[in-house]
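These notes concern the structure reproduced below.
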Amino acid sequence: MKTALPQAGLGARAFDFAVFAGLVLAVWQLAHVVGGEVAMTSPLGTLVFTARSIASGELWPHFEATLGAFAIAYVLAASMGVLAGAVLGYHRLSGEVAEPVLVAVYSIPKVTLYPIILLFFGIGIGAEVAFGALHGVIPITLFTMNGVRNIKPVYIKAARTMRIRPYDLLRTVLLPATLPEVFTGLRVGFSLTLIGTLLSEMFGSRRGIGFMLMQAIGLHHMDIIMSLTFLLVMFALMANAAMLVIDHRLHRRA
Amino acid sequence: MKLATKLRVAVLMGAVGLVETLCQTGAIARFTMIPPSEMASSLWRLLYAGKLQTDMTRTLLAVCAALTAAIVVGFVAGAVVHAIPRVRRTIDPLLSAYYSVPVFVFYPMFIVLFGLNDIPKIIIGFLYAVAAMTINTLNGLDRVAPVLLKTARVFRMGRAATGFRVVLPAAAPYLFTGVKLAVAYSFIGVVGSEFILSSGGLGYQIGFAYHNFDNRTMYALILFILGLVMIVNMSLHAWEKMLMARRGYQ
Amino acid sequence: MSDAHVALKGVTRVYQRAGQEPLEALGPIDLDLSAGEFFAVVGPSGCGKSTLLDVIAGLSQASAGTVSIEGKPVRGVVPESVGVVFQDDASFPWLTVEDNIAFGLNRQGMDAAETNRRVAQALALMGLNDFARAYPAQLSGGMRQRVCIARTLVLQPRLILLDEPFGALDQQTRLLMGDELLNLWRKTGATILLITHALDEAAMLSDRVGVMSARPGRFLEIVETGWPRGRDSTIVASPDFGRVTGRLWSLLRAESLKAMQYQTGAARP
């Protein structure tokens with residue numbers, strides 16, 4: 001029942017999107033007018049404030065802290081997730097044993113586990129990295145596992161009829177066949193690792209964007225809150241859009 | 001029981017046993033983690049004394065509010081967007097990017113706007129859950145086979161009858177998936193918000209116990225929340241399987 | 001107005017396409033079906049066979065010309081005396097076999113006793129007795145198609161339109177389903193219009209076979225088979241059967257070639 005979309009040109013799409021974006025900005029502006037400067041900064045005000053705080057350089061130490069913890073957490077989540085996913089996908093029984101557990105852990109409020117991580121690692125970058133990686137590793141494992149599981153046996157058969165050596169089989173058949181799924185996992189894992197890192201900063205930390213956000217609540221600094229929220233949302237959306245482009249390209253080929 | 005299920009139970013029990021031993025022997029210090037057996041007995045005492053009731057009620061009410069709003073708004077939004085291809089075209093990319101945004105970063109803004117009460121955490125729970133419901137409603141409506149709609153016309157059914165008797169039951173499995181995800185997400189949103197900063201609820205009590213070095217209460221509460229959410233999620237999963245089995249799917 | 005059961009006069013179907021020239025899918029078609037006749041339509045893929053069925057059923061509107069059933073014009077609504085069975089599985093997966101079959105009767109507000117009687121009869125007729133409480137997902141494709149046929153039969157239609165109902169089934173099952181269809185046709189006395197791409201199926205089942213051209217589909221010739229009413233699938237062994245299918249293929253070969261070239265882009269209609 002998917003309605004066939006009329007062949008809309010790029011112009012029409014851009015127009016529709018502009019209308020939508022305009023609507024969002026209008027609602028935001030309206031909230032600002034109704035609620036006043038204290039309740040909500042205007043879109044333009046937020047933009048100006050953001051530009052000014054970036055220029056002043058006072059954001060940088062916090063931004064670097066968040067980015068550093070996030071980067072380490074993501075590298076950890078990605079490498080552990082791909083490795084675990086490959087093993088669980090290849091060894092069917094292990095995969096069958098682990099999958100429901102992974103899915104269950106995926107859908108619980110993991111934030112409640114953060115105090116445990118704090119007790120083990122102490123407040124600091126160690127706990128932030130561990131918590132960020134904990135969020136990201138599960139989807140990467142699950143997607144990789146499914147990618148490996150779903151390699152069509154006929155590909156391997158076909159490769160064997162061509163007498164391909166094991167290393168070449170991995171390089172020319174197995175990796176390209178699983179890459180699209182693995183990449184989707186890496187994209188989803190990216191977003192979740194970011195959430196995990198920010199959450200850890202919001203609860204117990206002395207640095208980072210998450211910490212700044214929480215600090216601003218006490219002082220009712222709506223301009224800081226709005227501009228940081230805006231920055232984080234833009235960062236997440238743009239990173240996701242870039243990865244989505246690669247993701248689509250990989251899946252179209254597959 | 002299937003071999004994988006047996007192994008899973010064995011592995012999980014082994015893991016709990018290992019942690020128990022490590023804690024009992026002091027390999028893991030008491031101020032880091034208490035043995036699982038003590039977590040359970042501590043939880044039992046808390047439940048028996050009725051000390052969790054207030055916070056549990058508060059959390060569950062917030063989850064229910066967020067969930068109800070998410071299901072209603074998500075379903076209606078999905079149905080409306082599905083009916084208008086032009087809106088669909090604009091909204092689709094936003095929906096697929098939705099879960100890349102860390103929704104929790106909006107929490108401070110809502111606290112400043114609405115104050116430190118239950119409204120901000122309900123909004124966060126709602127925001128987490130509503131997109132899952134919308135996406136799955138769209139998905140379900142997309143997958144109603146055209147031949148079923150043709151069949152409805154052969155039976156001379158009107159719009160309302162087609163909607164209730166054909167489209168809704170055909171899309172039901174996907175709507176159920178939406179509800180299932182919405183439940184998990186509204187729990188994550190509400191409990192997560194409570195934990196970061198709030199004036200009450202189970203998540204708040206965990207943070208409170210942590211800051212007071214009260215490990216017995218903290219671990220008991222963590223066990224309780226995770227157990228509660230897992231039981232709810234697994235019951236929904238089992239119910240879904242039963243419904244699918246009734247339709248003859250394995 | 002002719003006294004034919006179904007009468008088509010100058011029927012065409014043109015699809016308007018934004019930014020492109022309109023697509024002529026069908027016609028013009030003139031056709032009279034007499035009451036109780038078994039008529040099959042064969043034609044190359046994409047020739048508009050299914051469009052023809054949709055237009056007759058009232059599922060889509062003719063761009064020009066008129067369709068009338070039992071003397072009444074068909075306009076956008078499926079007449080009550082018409083039943084349709086599609087190629088795609090149209091059984092409702094959320095209803096048991098018997099509830100599926102009773103669906104149309106319940107919509108009409110038929111009383112329970114009569115509904116049960118008709119459902120029981122249809123179950124027996126279609127060999128579904130053991131599966132009354134099963135769900136469609138538990139049945140094979142052939143069994144599900146029986147459910148759809150039974151769901152149509154209980155409404156006692158005087159005209160049954162079948163759009164490649166056996167298209168998704170294997171060859172042996174198709175022959176057997178063909179036999180059952182002939183039985184139903186004799187028992188109900190209904191007029192049947194069968195759309196198919198299988199020449200042998202058309203030749204074996206029908207009194208007359210309409211052979212359609214490549215798009216826009218129109219009738220090249222209407223072939224009379226001359227079979228007795230009591231026929232069954234054993235006629236595939238008779239020399240006459242070879243003569244009929246041979247005639248159908250000689251008419252269709254050039255058209256199928258054309259249709260294939262449209263698909264690969266080697267030629268345009």
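In the structure tokens, each chain is lettered A, B, ... as it comes, each chain's residues begin at 1, and ligands are numbered from 1 in order of appearance.
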Worksheet item: If we count only C-alpha atoms, what is near Val33 in chain A at a cut-off of 8 Å, once residues fewer than 4 positions away on the same chain are taken out, given as a VMD selection string?
Response: chain A and resid 29 37 42
Report as CSV: every residue of chain C with an atom at most 10 Å from chain A, its closest pair of atoms, and their distance in Å to one decimal, counting only C-alpha atoms, with rows sorted by chain and ascending residue number.
residue,atom,partner,partner_atom,distance
C:Arg17,CA,A:Pro6,CA,10.0
C:Ala18,CA,A:Pro6,CA,8.6
C:Gly19,CA,A:Gln7,CA,9.8
Practice prompt. For chain A, report every residue with an atom at most 8 Å from chain B (counting only C-alpha atoms), formatted as number ranges by chain.
Written response: A: 1-3, 5, 13, 16-17, 20, 39-40, 93-94, 96-98, 104, 107-113, 115-116, 119-120, 188, 191-192, 194-195, 198-199, 202-203, 210, 213-214, 217, 220, 222, 225-226, 229, 232-233, 236-237, 240-241
Just C-alpha atoms for this one: save the residues we selected as an mmCIF file, in the first residue's frame.
data_model
loop_
_atom_site.group_PDB
_atom_site.id
_atom_site.type_symbol
_atom_site.label_atom_id
_atom_site.label_comp_id
_atom_site.auth_asym_id
_atom_site.auth_seq_id
_atom_site.Cartn_x
_atom_site.Cartn_y
_atom_site.Cartn_z
ATOM 1 C CA MET A 1 0.000 0.000 0.000
ATOM 2 C CA LYS A 2 3.054 2.224 -0.213
ATOM 3 C CA THR A 3 1.760 5.157 -2.194
ATOM 4 C CA LEU A 5 5.401 9.057 -4.867
ATOM 5 C CA ARG A 13 11.744 18.540 -2.611
ATOM 6 C CA ASP A 16 8.962 21.323 0.681
ATOM 7 C CA PHE A 17 11.927 20.985 3.009
ATOM 8 C CA PHE A 20 9.161 22.568 6.845
ATOM 9 C CA ALA A 39 12.376 31.183 28.853
ATOM 10 C CA MET A 40 13.726 30.703 25.367
ATOM 11 C CA LEU A 93 25.154 -21.680 18.535
ATOM 12 C CA SER A 94 27.024 -18.918 20.361
ATOM 13 C CA GLU A 96 21.761 -18.103 19.328
ATOM 14 C CA VAL A 97 22.802 -18.107 22.982
ATOM 15 C CA ALA A 98 23.887 -14.464 23.005
ATOM 16 C CA ALA A 104 17.400 -7.477 26.317
ATOM 17 C CA SER A 107 16.277 -2.204 25.500
ATOM 18 C CA ILE A 108 16.812 -1.522 29.220
ATOM 19 C CA PRO A 109 17.607 1.900 30.691
ATOM 20 C CA LYS A 110 21.384 1.398 30.748
ATOM 21 C CA VAL A 111 21.771 4.700 32.545
ATOM 22 C CA THR A 112 21.011 2.893 35.816
ATOM 23 C CA LEU A 113 24.234 0.924 35.347
ATOM 24 C CA PRO A 115 26.877 4.202 39.165
ATOM 25 C CA ILE A 116 28.360 0.710 38.948
ATOM 26 C CA LEU A 119 32.399 2.640 41.347
ATOM 27 C CA PHE A 120 34.696 0.492 39.196
ATOM 28 C CA VAL A 188 23.724 3.300 14.774
ATOM 29 C CA SER A 191 24.723 7.787 17.738
ATOM 30 C CA LEU A 192 24.394 5.559 20.783
ATOM 31 C CA LEU A 194 27.452 9.761 21.665
ATOM 32 C CA ILE A 195 24.350 9.450 23.880
ATOM 33 C CA LEU A 198 26.922 12.755 27.016
ATOM 34 C CA LEU A 199 24.812 10.978 29.652
ATOM 35 C CA MET A 202 25.550 14.934 32.586
ATOM 36 C CA PHE A 203 25.499 12.748 35.699
ATOM 37 C CA GLY A 210 27.187 17.416 29.175
ATOM 38 C CA LEU A 213 24.595 21.765 30.178
ATOM 39 C CA MET A 214 23.868 20.615 33.736
ATOM 40 C CA ILE A 217 20.495 24.649 34.756
ATOM 41 C CA HIS A 220 19.165 29.450 34.622
ATOM 42 C CA MET A 222 18.958 29.468 28.956
ATOM 43 C CA ILE A 225 21.609 25.580 27.244
ATOM 44 C CA MET A 226 19.978 26.454 23.929
ATOM 45 C CA THR A 229 21.710 21.767 22.608
ATOM 46 C CA LEU A 232 24.970 18.855 19.734
ATOM 47 C CA VAL A 233 21.850 18.246 17.647
ATOM 48 C CA ALA A 236 24.625 14.437 15.557
ATOM 49 C CA LEU A 237 22.449 15.152 12.514
ATOM 50 C CA ASN A 240 24.463 10.775 10.762
ATOM 51 C CA ALA A 241 23.653 12.312 7.359
#
Worksheet item: So how far away is CA of Thr96 in chain C from CA of Ala134 in chain C, in Å?
Response: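 Computing it gives 5.4 Å between the two atoms.
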Worksheet item: Could you pull out the helix (DSSP H, G or I) residues of range 28-234 of chain A from DSSP and send them as a count of residues only?
Response: 175
Practice prompt. Define the interface residues of chain B facing chain C as those within 12 Å, counting only C-alpha atoms, and report them as JSON, numbers by chain.
Written response: {"B": [144, 145, 146, 147, 148, 149, 150, 151, 152, 153, 154, 155, 156, 157, 158, 161, 162, 165, 166, 167, 168, 169, 170, 171, 172, 173, 243, 244, 245, 246, 247, 248, 249, 250]}
Fill in: Contacts of Phe230 in chain A at 9 Å (only C-alpha atoms; same-chain gap of 4+ positions) as a PyMOL selection string
chain A and resi 46-47+50+225-226+234-235
Would you save the residues of that selection, restricted to N, CA, C and O atoms, as an mmCIF file, in the first residue's frame?
data_model
loop_
_atom_site.group_PDB
_atom_site.id
_atom_site.type_symbol
_atom_site.label_atom_id
_atom_site.label_comp_id
_atom_site.auth_asym_id
_atom_site.auth_seq_id
_atom_site.Cartn_x
_atom_site.Cartn_y
_atom_site.Cartn_z
ATOM 1 N N THR A 46 20.168 32.530 19.416
ATOM 2 C CA THR A 46 20.921 31.306 19.685
ATOM 3 C C THR A 46 22.127 31.213 18.767
ATOM 4 O O THR A 46 23.240 30.886 19.195
ATOM 5 N N LEU A 47 21.885 31.518 17.483
ATOM 6 C CA LEU A 47 22.953 31.430 16.494
ATOM 7 C C LEU A 47 24.082 32.410 16.824
ATOM 8 O O LEU A 47 25.263 32.053 16.805
ATOM 9 N N THR A 50 25.917 31.286 19.911
ATOM 10 C CA THR A 50 26.768 30.134 19.598
ATOM 11 C C THR A 50 28.046 30.598 18.899
ATOM 12 O O THR A 50 29.149 30.189 19.270
ATOM 13 N N ILE A 225 22.286 26.861 27.476
ATOM 14 C CA ILE A 225 21.609 25.580 27.244
ATOM 15 C C ILE A 225 21.159 25.459 25.790
ATOM 16 O O ILE A 225 21.411 24.461 25.121
ATOM 17 N N MET A 226 20.499 26.503 25.300
ATOM 18 C CA MET A 226 19.978 26.454 23.929
ATOM 19 C C MET A 226 21.103 26.303 22.919
ATOM 20 O O MET A 226 20.999 25.537 21.963
ATOM 21 N N MET A 234 22.976 19.537 15.911
ATOM 22 C CA MET A 234 23.535 19.736 14.565
ATOM 23 C C MET A 234 24.674 18.753 14.297
ATOM 24 O O MET A 234 24.751 18.150 13.232
ATOM 25 N N PHE A 235 25.550 18.583 15.307
ATOM 26 C CA PHE A 235 26.666 17.647 15.149
ATOM 27 C C PHE A 235 26.146 16.230 14.878
ATOM 28 O O PHE A 235 26.573 15.562 13.932
#
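Taking the backbone of this structure through DSSP, the residues of range 163-268 of chain C that come out as strand (DSSP E or B) are Asp163, Thr191, Ile192, Leu193, Leu194, Ile195, Arg208, Val209, Gly210, Val211, Met212, Gly217, Phe219, Leu220, Glu221, Ile222, Val223 and Glu224 of chain C.
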Fill in: Contacts of Ala127 in chain A at 9 Å (only C-alpha atoms; same-chain gap of 5+ positions) as a list in words
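In the requested form, the answer reads Tyr114, Ile117, Leu118, Leu119, Phe120, Phe121, Gly122, Gly132 and Ser200 of chain A.
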Item to complete: Using only C-alpha atoms, determine which residues lie at most 6 Å from Val211 in chain C, disregarding the query and same-chain residues fewer than 2 positions distant; provide the list as a count of residues only.
Response: 5
Discussion item. Just to confirm, what's the straight-line distance from CA of Phe126 in chain B to CA of Leu175 in chain B in Å (one decimal)?
Written reply: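 So the answer is 16.8 Å.
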Practice prompt. Work out how far apart CA of Ile151 in chain A and CA of Ser79 in chain A are and give it in Å to one decimal.
Written response: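 These atoms are spaced 20.6 Å apart.
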Practice prompt. Just the residues within 12 Å of Gly242 in chain C, please, counting only C-alpha atoms, with nothing from its chain fewer than 6 positions along; format it as a PyMOL selection string.
Written response: chain C and resi 199-200+203-204+225+235-236+248-250
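Taking only C-alpha atoms into account, Leu83 in chain A lies nearest to A:Met145 out of the set A:Ile125, A:Leu228, A:Leu170, A:Met145.
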Practice prompt. Write out as a ChimeraX atom specification the residues lying within 10 Å of Ile140 in chain A, counting only C-alpha atoms and excluding same-chain residues fewer than 6 positions away.
Written response: /A:77-85,181-190
Save the residues we just selected, N, CA and C atoms, as a JSON list (two decimals), in the first residue's frame?
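again06.json, written as the output of this step:
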[["chain", "number", "residue", "atom", "x", "y", "z"],
["A", 77, "ALA", "N", 34.12, 0.57, 21.02],
["A", 77, "ALA", "CA", 32.84, -0.07, 20.71],
["A", 77, "ALA", "C", 32.90, -0.71, 19.33],
["A", 78, "ALA", "N", 33.49, 0.01, 18.36],
["A", 78, "ALA", "CA", 33.53, -0.49, 16.99],
["A", 78, "ALA", "C", 34.39, -1.75, 16.89],
["A", 79, "SER", "N", 35.59, -1.71, 17.49],
["A", 79, "SER", "CA", 36.46, -2.88, 17.33],
["A", 79, "SER", "C", 35.92, -4.08, 18.09],
["A", 80, "MET", "N", 35.43, -3.85, 19.32],
["A", 80, "MET", "CA", 34.89, -4.98, 20.07],
["A", 80, "MET", "C", 33.61, -5.50, 19.42],
["A", 81, "GLY", "N", 32.77, -4.59, 18.94],
["A", 81, "GLY", "CA", 31.49, -4.99, 18.34],
["A", 81, "GLY", "C", 31.69, -5.80, 17.07],
["A", 82, "VAL", "N", 32.60, -5.34, 16.20],
["A", 82, "VAL", "CA", 32.81, -6.06, 14.94],
["A", 82, "VAL", "C", 33.40, -7.44, 15.22],
["A", 83, "LEU", "N", 34.36, -7.48, 16.14],
["A", 83, "LEU", "CA", 34.99, -8.76, 16.48],
["A", 83, "LEU", "C", 33.96, -9.74, 17.07],
["A", 84, "ALA", "N", 33.23, -9.27, 18.09],
["A", 84, "ALA", "CA", 32.24, -10.13, 18.74],
["A", 84, "ALA", "C", 31.16, -10.54, 17.74],
["A", 85, "GLY", "N", 30.72, -9.60, 16.92],
["A", 85, "GLY", "CA", 29.67, -9.89, 15.93],
["A", 85, "GLY", "C", 30.14, -10.95, 14.94],
["A", 181, "GLU", "N", 25.94, -4.31, 6.15],
["A", 181, "GLU", "CA", 25.32, -4.48, 7.47],
["A", 181, "GLU", "C", 26.23, -3.95, 8.57],
["A", 182, "VAL", "N", 27.52, -4.28, 8.47],
["A", 182, "VAL", "CA", 28.48, -3.82, 9.49],
["A", 182, "VAL", "C", 28.45, -2.30, 9.55],
["A", 183, "PHE", "N", 28.40, -1.66, 8.39],
["A", 183, "PHE", "CA", 28.43, -0.20, 8.38],
["A", 183, "PHE", "C", 27.15, 0.39, 9.01],
["A", 184, "THR", "N", 26.01, -0.23, 8.74],
["A", 184, "THR", "CA", 24.78, 0.23, 9.39],
["A", 184, "THR", "C", 24.94, 0.16, 10.90],
["A", 185, "GLY", "N", 25.54, -0.95, 11.38],
["A", 185, "GLY", "CA", 25.81, -1.09, 12.81],
["A", 185, "GLY", "C", 26.71, 0.03, 13.32],
["A", 186, "LEU", "N", 27.73, 0.34, 12.54],
["A", 186, "LEU", "CA", 28.67, 1.40, 12.96],
["A", 186, "LEU", "C", 27.96, 2.75, 13.03],
["A", 187, "ARG", "N", 27.01, 2.97, 12.12],
["A", 187, "ARG", "CA", 26.28, 4.25, 12.10],
["A", 187, "ARG", "C", 25.37, 4.35, 13.33],
["A", 188, "VAL", "N", 24.60, 3.29, 13.60],
["A", 188, "VAL", "CA", 23.72, 3.30, 14.77],
["A", 188, "VAL", "C", 24.56, 3.39, 16.05],
["A", 189, "GLY", "N", 25.69, 2.63, 16.06],
["A", 189, "GLY", "CA", 26.57, 2.64, 17.22],
["A", 189, "GLY", "C", 27.16, 4.01, 17.49],
["A", 190, "PHE", "N", 27.41, 4.78, 16.43],
["A", 190, "PHE", "CA", 27.94, 6.13, 16.56],
["A", 190, "PHE", "C", 26.99, 6.98, 17.40]]
